[in-house]
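In what follows, a single structure is set out as structure tokens and then discussed.
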Amino acid sequence: MTTNDVYAALGVSPAVLAFGERVLGTLGERFAAIDANAELCQAKVLAAMRKNHVNATHFAATTGYGYDDAGRDTLERVYADTFHAEAALVRPQLVCGTHALAVALSANLLPNDELLAISGKPYDTLEEVIGIRPSPCSLAEYGVHYRQVELLDSSRFDLPAIRAAVTEKTKLVHIQRSKGYQTRATLSVAQIGEAIAAVKAVKPDALVLVDNCYGEFVEPIEPSDVGADMTVGSLIKNPGGGLAPIGGYIVGTRACVDRCAYRLSAPGLGQEVGANLGLLPALYQGFFLAPAVTAAALRGAVFAAAAYERLGFRVVPAPDEARHDIIQAVELGSEAAMRAFCKGIQLAAPVDSYVTPEPAPMPGYDSPVIMAAGAFVQGSSIELSADGPVRAPYAVYFQGGLTWHHAKLGVLLSMQTLLDEGLIAL
């Protein structure tokens, strides 16, 4: 059986496969750089596991209060050491990235404190957490004040505006590394470091929180290496390696993480409680695999960028640009094209491949969202998926792929569906 036969059985025509192979022929250097970074990050994770003497006893399940859970506590030290932070909170009780961010913000902000976002408007689901859109139990309802500084048109921090915006009232500064549902560039760790330095130069005791979702292991260093007091993310994105079934993490200073633990459980209890419920083998092994899985997703993102740019679409980032997260935005220009793209990604799913994605309202979003995702873990963004709000410029946000070959197949099937529906020409 030939390669053409295998792909034809999955619905990819010889013309689309040949187009994809021509695109791949231009990406050798990009893929080599991705693999080199993955090697470095893999060594970093292994070093942390060796330092903390990870062993089979750390995989034992705990229930109830979870007192004296050595595996849970060791996993948190592994995260802290990998991210070069003082402490970490890594729990299945953090049900998603938005929850982890909400815990970190609410734990470290008090009534009349000011939250300043310096990378523009945060991701849609944080709007209700903050109170930009009114919601019960939002930070605004508890008396936290909010302001934001927009990014420059070049998607870089406006450092003079940040220095001017930070005042004695500013308690916590929020930075969102990834683009969310915007077609801006993702922020590099170096850029984040410059912004943190600008904040601390004006108010050294201001806390800086970085939403690191989709960015872990994409670069050799993380925001915690450049001064972030808290770095926050989801275990069903990069650091879970596709194996974590739930969870979030917060790494940072001991003082900040302690407060987060008290907010997650209860004052006086903190990190002492929280059973692992038998999830530790998946959390450890997923974290160990995360650099390689992230590299597979990055290969898929670069391939998608190169293919769709050649087809005439605007892509962010461009295929030759440095990458700082796993997300690839493709501006498709119409709802029909969004539907076709997502239909192709769904066809490549190992779960629910027969389902046709349809736009629908989703909690936390102000526009209907179309989402292609056939994942082993519901909502797992490190698995192959594509989604976006159905509004101009009709951009889809492609991410994930537990293996490179699966990500490649997803991109090919997205192009095949667009071709079949007369929306592109090769």
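In the structure tokens, chains take letters A, B, ... by order of appearance, with residues numbered from 1 within each chain and ligands from 1 in the order shown.
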**Q.** Close residues, Ile221 in chain A itself excluded, 12 Å, only C-alpha atoms, min 6 positions apart in chain, as a PyMOL selection string
**A.** chain A and resi 37-38+40-41+44+82-85+188-190+192-193+212+215+227-228+324
Q. Neighbours of Glu331 in chain A within 6 Å (only C-alpha atoms; same-chain residues fewer than 5 positions away dropped), as an NGL selection string?
A. :A and (314 or 394-395)
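The neighbours of range 203-208 of chain A here are the residues that come within 6 Å of it, using only C-alpha atoms and leaving out any residue fewer than 5 positions away in the same chain; they are Lys171, Leu172, Val173, Ala228 and Asp229 of chain A.
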I need the chosen residues saved as a JSON list (two decimals), in the first residue's frame, with N, CA and C atoms.
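New file again_3.json:
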```
[["chain", "number", "residue", "atom", "x", "y", "z"],
["A", 171, "LYS", "N", -1.88, 46.95, 42.22],
["A", 171, "LYS", "CA", -1.47, 45.81, 43.05],
["A", 171, "LYS", "C", -0.96, 44.66, 42.19],
["A", 172, "LEU", "N", -1.65, 44.40, 41.06],
["A", 172, "LEU", "CA", -1.31, 43.23, 40.26],
["A", 172, "LEU", "C", -1.41, 43.58, 38.77],
["A", 173, "VAL", "N", -0.43, 43.14, 38.01],
["A", 173, "VAL", "CA", -0.37, 43.38, 36.57],
["A", 173, "VAL", "C", -0.58, 42.06, 35.84],
["A", 228, "ALA", "N", 8.30, 36.96, 36.43],
["A", 228, "ALA", "CA", 6.87, 36.85, 36.73],
["A", 228, "ALA", "C", 6.69, 36.31, 38.15],
["A", 229, "ASP", "N", 5.82, 36.94, 38.92],
["A", 229, "ASP", "CA", 5.52, 36.46, 40.27],
["A", 229, "ASP", "C", 4.62, 35.24, 40.24]]
```
Q | For Gly274 in chain A: contacts at 9 Å, only C-alpha atoms, fewer than 2 positions along chain excluded, given as number ranges by chain | A | A: 62-67, 69, 72, 91-93, 265, 270-272, 276-277
Based on the selection just made, write N, CA and C atoms of those residues as a PDB file, in the first residue's frame.
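So selection.pdb came out as:
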```pdb
ATOM      1  N   THR A  62      -4.614   8.835  46.390  1.00  0.00           N
ATOM      2  CA  THR A  62      -5.125   9.261  47.686  1.00  0.00           C
ATOM      3  C   THR A  62      -6.555   9.748  47.510  1.00  0.00           C
ATOM      4  N   THR A  63      -7.308   9.677  48.611  1.00  0.00           N
ATOM      5  CA  THR A  63      -8.704  10.106  48.601  1.00  0.00           C
ATOM      6  C   THR A  63      -8.950  11.023  49.793  1.00  0.00           C
ATOM      7  N   GLY A  64     -10.191  11.454  49.925  1.00  0.00           N
ATOM      8  CA  GLY A  64     -10.557  12.258  51.086  1.00  0.00           C
ATOM      9  C   GLY A  64      -9.757  13.540  51.185  1.00  0.00           C
ATOM     10  N   TYR A  65      -9.196  13.780  52.368  1.00  0.00           N
ATOM     11  CA  TYR A  65      -8.434  15.011  52.577  1.00  0.00           C
ATOM     12  C   TYR A  65      -7.130  15.033  51.785  1.00  0.00           C
ATOM     13  N   GLY A  66      -6.550  13.876  51.528  1.00  0.00           N
ATOM     14  CA  GLY A  66      -5.286  13.840  50.822  1.00  0.00           C
ATOM     15  C   GLY A  66      -4.098  14.253  51.670  1.00  0.00           C
ATOM     16  N   TYR A  67      -4.190  14.085  52.977  1.00  0.00           N
ATOM     17  CA  TYR A  67      -3.061  14.439  53.841  1.00  0.00           C
ATOM     18  C   TYR A  67      -1.832  13.597  53.488  1.00  0.00           C
ATOM     19  N   ASP A  69       0.236  13.489  51.058  1.00  0.00           N
ATOM     20  CA  ASP A  69       0.292  12.966  49.689  1.00  0.00           C
ATOM     21  C   ASP A  69       1.659  13.297  49.097  1.00  0.00           C
ATOM     22  N   ARG A  72       1.741  14.007  45.186  1.00  0.00           N
ATOM     23  CA  ARG A  72       1.240  15.342  44.848  1.00  0.00           C
ATOM     24  C   ARG A  72       2.280  16.409  45.168  1.00  0.00           C
ATOM     25  N   ARG A  91      -2.914  20.956  40.587  1.00  0.00           N
ATOM     26  CA  ARG A  91      -4.022  20.213  41.165  1.00  0.00           C
ATOM     27  C   ARG A  91      -5.105  19.868  40.143  1.00  0.00           C
ATOM     28  N   PRO A  92      -5.682  18.673  40.267  1.00  0.00           N
ATOM     29  CA  PRO A  92      -6.865  18.374  39.459  1.00  0.00           C
ATOM     30  C   PRO A  92      -8.070  19.196  39.894  1.00  0.00           C
ATOM     31  N   GLN A  93      -8.016  19.754  41.100  1.00  0.00           N
ATOM     32  CA  GLN A  93      -9.119  20.597  41.566  1.00  0.00           C
ATOM     33  C   GLN A  93      -9.149  21.947  40.855  1.00  0.00           C
ATOM     34  N   SER A 265      -8.439  25.953  48.460  1.00  0.00           N
ATOM     35  CA  SER A 265      -9.035  25.093  49.485  1.00  0.00           C
ATOM     36  C   SER A 265      -9.738  25.958  50.533  1.00  0.00           C
ATOM     37  N   GLY A 270      -4.792  25.312  52.819  1.00  0.00           N
ATOM     38  CA  GLY A 270      -3.799  25.492  51.755  1.00  0.00           C
ATOM     39  C   GLY A 270      -3.440  24.205  51.052  1.00  0.00           C
ATOM     40  N   GLN A 271      -2.137  23.981  50.863  1.00  0.00           N
ATOM     41  CA  GLN A 271      -1.663  22.840  50.084  1.00  0.00           C
ATOM     42  C   GLN A 271      -1.694  21.530  50.846  1.00  0.00           C
ATOM     43  N   GLU A 272      -2.062  21.557  52.115  1.00  0.00           N
ATOM     44  CA  GLU A 272      -2.067  20.332  52.908  1.00  0.00           C
ATOM     45  C   GLU A 272      -3.178  19.371  52.496  1.00  0.00           C
ATOM     46  N   ASN A 276      -5.317  13.237  45.224  1.00  0.00           N
ATOM     47  CA  ASN A 276      -4.965  13.143  43.794  1.00  0.00           C
ATOM     48  C   ASN A 276      -5.890  12.218  43.019  1.00  0.00           C
ATOM     49  N   LEU A 277      -6.686  11.394  43.728  1.00  0.00           N
ATOM     50  CA  LEU A 277      -7.719  10.559  43.110  1.00  0.00           C
ATOM     51  C   LEU A 277      -7.181   9.621  42.030  1.00  0.00           C
TER      52      LEU A 277
END
```
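Straight-line separation from CA of Met362 in chain A to CA of Phe398 in chain A: 18.1 Å.
Shell of Pro245 in chain A at 10 Å, with only C-alpha atoms counted and residues fewer than 2 places along the chain excluded, is Pro92, Val95, Leu235, Ile236, Gly240, Gly242, Leu243, Gly247, Leu279, Ala282, Leu283, Gly286, Phe376, Val377, Gln378, Gly379 and Ser380 of chain A.
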Take the selection from the previous step and output its residues with N, CA and C atoms, as a short mmCIF file (atom, residue, chain, number, x, y, z; two decimals), in the first residue's frame.
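Okay, this is what ended up in out-v7.cif:
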```
data_model
loop_
_atom_site.label_atom_id
_atom_site.label_comp_id
_atom_site.auth_asym_id
_atom_site.auth_seq_id
_atom_site.Cartn_x
_atom_site.Cartn_y
_atom_site.Cartn_z
N PRO A 92 -5.68 18.67 40.27
CA PRO A 92 -6.86 18.37 39.46
C PRO A 92 -8.07 19.20 39.89
N VAL A 95 -9.95 23.24 37.68
CA VAL A 95 -10.67 22.50 36.65
C VAL A 95 -10.36 22.95 35.23
N LEU A 235 -3.49 22.11 32.49
CA LEU A 235 -2.86 20.82 32.23
C LEU A 235 -3.42 20.11 31.01
N ILE A 236 -4.55 20.57 30.48
CA ILE A 236 -5.04 19.95 29.24
C ILE A 236 -4.58 20.75 28.02
N GLY A 240 0.33 19.11 30.08
CA GLY A 240 -0.25 17.80 30.37
C GLY A 240 0.14 16.74 29.38
N GLY A 242 -1.08 15.69 26.77
CA GLY A 242 -2.16 14.90 26.22
C GLY A 242 -2.65 13.79 27.13
N LEU A 243 -1.97 13.57 28.26
CA LEU A 243 -2.37 12.51 29.18
C LEU A 243 -3.14 13.03 30.38
N GLY A 247 -6.98 19.60 35.16
CA GLY A 247 -6.03 20.24 36.07
C GLY A 247 -5.46 21.54 35.56
N LEU A 279 -4.79 10.17 39.80
CA LEU A 279 -4.42 10.82 38.54
C LEU A 279 -2.92 11.06 38.38
N ALA A 282 -0.75 9.86 35.24
CA ALA A 282 -1.00 10.63 34.02
C ALA A 282 -0.39 12.02 34.10
N LEU A 283 -0.42 12.64 35.29
CA LEU A 283 0.13 13.98 35.42
C LEU A 283 1.65 13.97 35.31
N GLY A 286 2.48 12.75 31.59
CA GLY A 286 2.12 13.81 30.66
C GLY A 286 3.12 14.95 30.68
N PHE A 376 -9.59 12.80 23.16
CA PHE A 376 -9.73 11.79 24.20
C PHE A 376 -10.09 12.44 25.54
N VAL A 377 -9.61 13.69 25.74
CA VAL A 377 -9.94 14.47 26.93
C VAL A 377 -10.78 15.66 26.47
N GLN A 378 -11.98 15.77 26.99
CA GLN A 378 -12.90 16.81 26.54
C GLN A 378 -12.27 18.20 26.68
N GLY A 379 -12.23 18.94 25.57
CA GLY A 379 -11.70 20.31 25.60
C GLY A 379 -10.19 20.41 25.60
N SER A 380 -9.50 19.29 25.41
CA SER A 380 -8.04 19.30 25.48
C SER A 380 -7.45 20.02 24.27
#
```
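Pairwise distance (CA of Leu311 in chain A, CA of Ala407 in chain A) equals 18.3 Å.
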Q) When DSSP works through the backbone of this structure, what residues of range 275-395 of chain A end up as helix (DSSP H, G or I), shown as a PyMOL selection string? A) chain A and resi 280-310+335-347
(Q) I need the strand (DSSP E) residues of range 179-343 of chain A per DSSP on the backbone, written as a ChimeraX atom specification. (A) /A:207-211,230-234,248-252,314-316,328-331
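Within 7 Å of range 21-36 of chain A, once only C-alpha atoms are used and residues closer than 5 positions along the same chain are dropped, the contacting residues are A:Ala295, A:Arg299, A:Phe303, A:Ala306, A:Ala307.
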Filtering to C-alpha atoms, could you give me those residues as a short mmCIF file (atom, residue, chain, number, x, y, z; two decimals), in the first residue's frame?
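What landed in out.cif:
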```cif
data_model
loop_
_atom_site.label_atom_id
_atom_site.label_comp_id
_atom_site.auth_asym_id
_atom_site.auth_seq_id
_atom_site.Cartn_x
_atom_site.Cartn_y
_atom_site.Cartn_z
CA ALA A 295 7.02 20.06 19.38
CA ARG A 299 5.29 21.36 13.54
CA PHE A 303 2.81 23.49 8.34
CA ALA A 306 2.94 27.71 5.29
CA ALA A 307 0.12 25.89 3.49
#
```
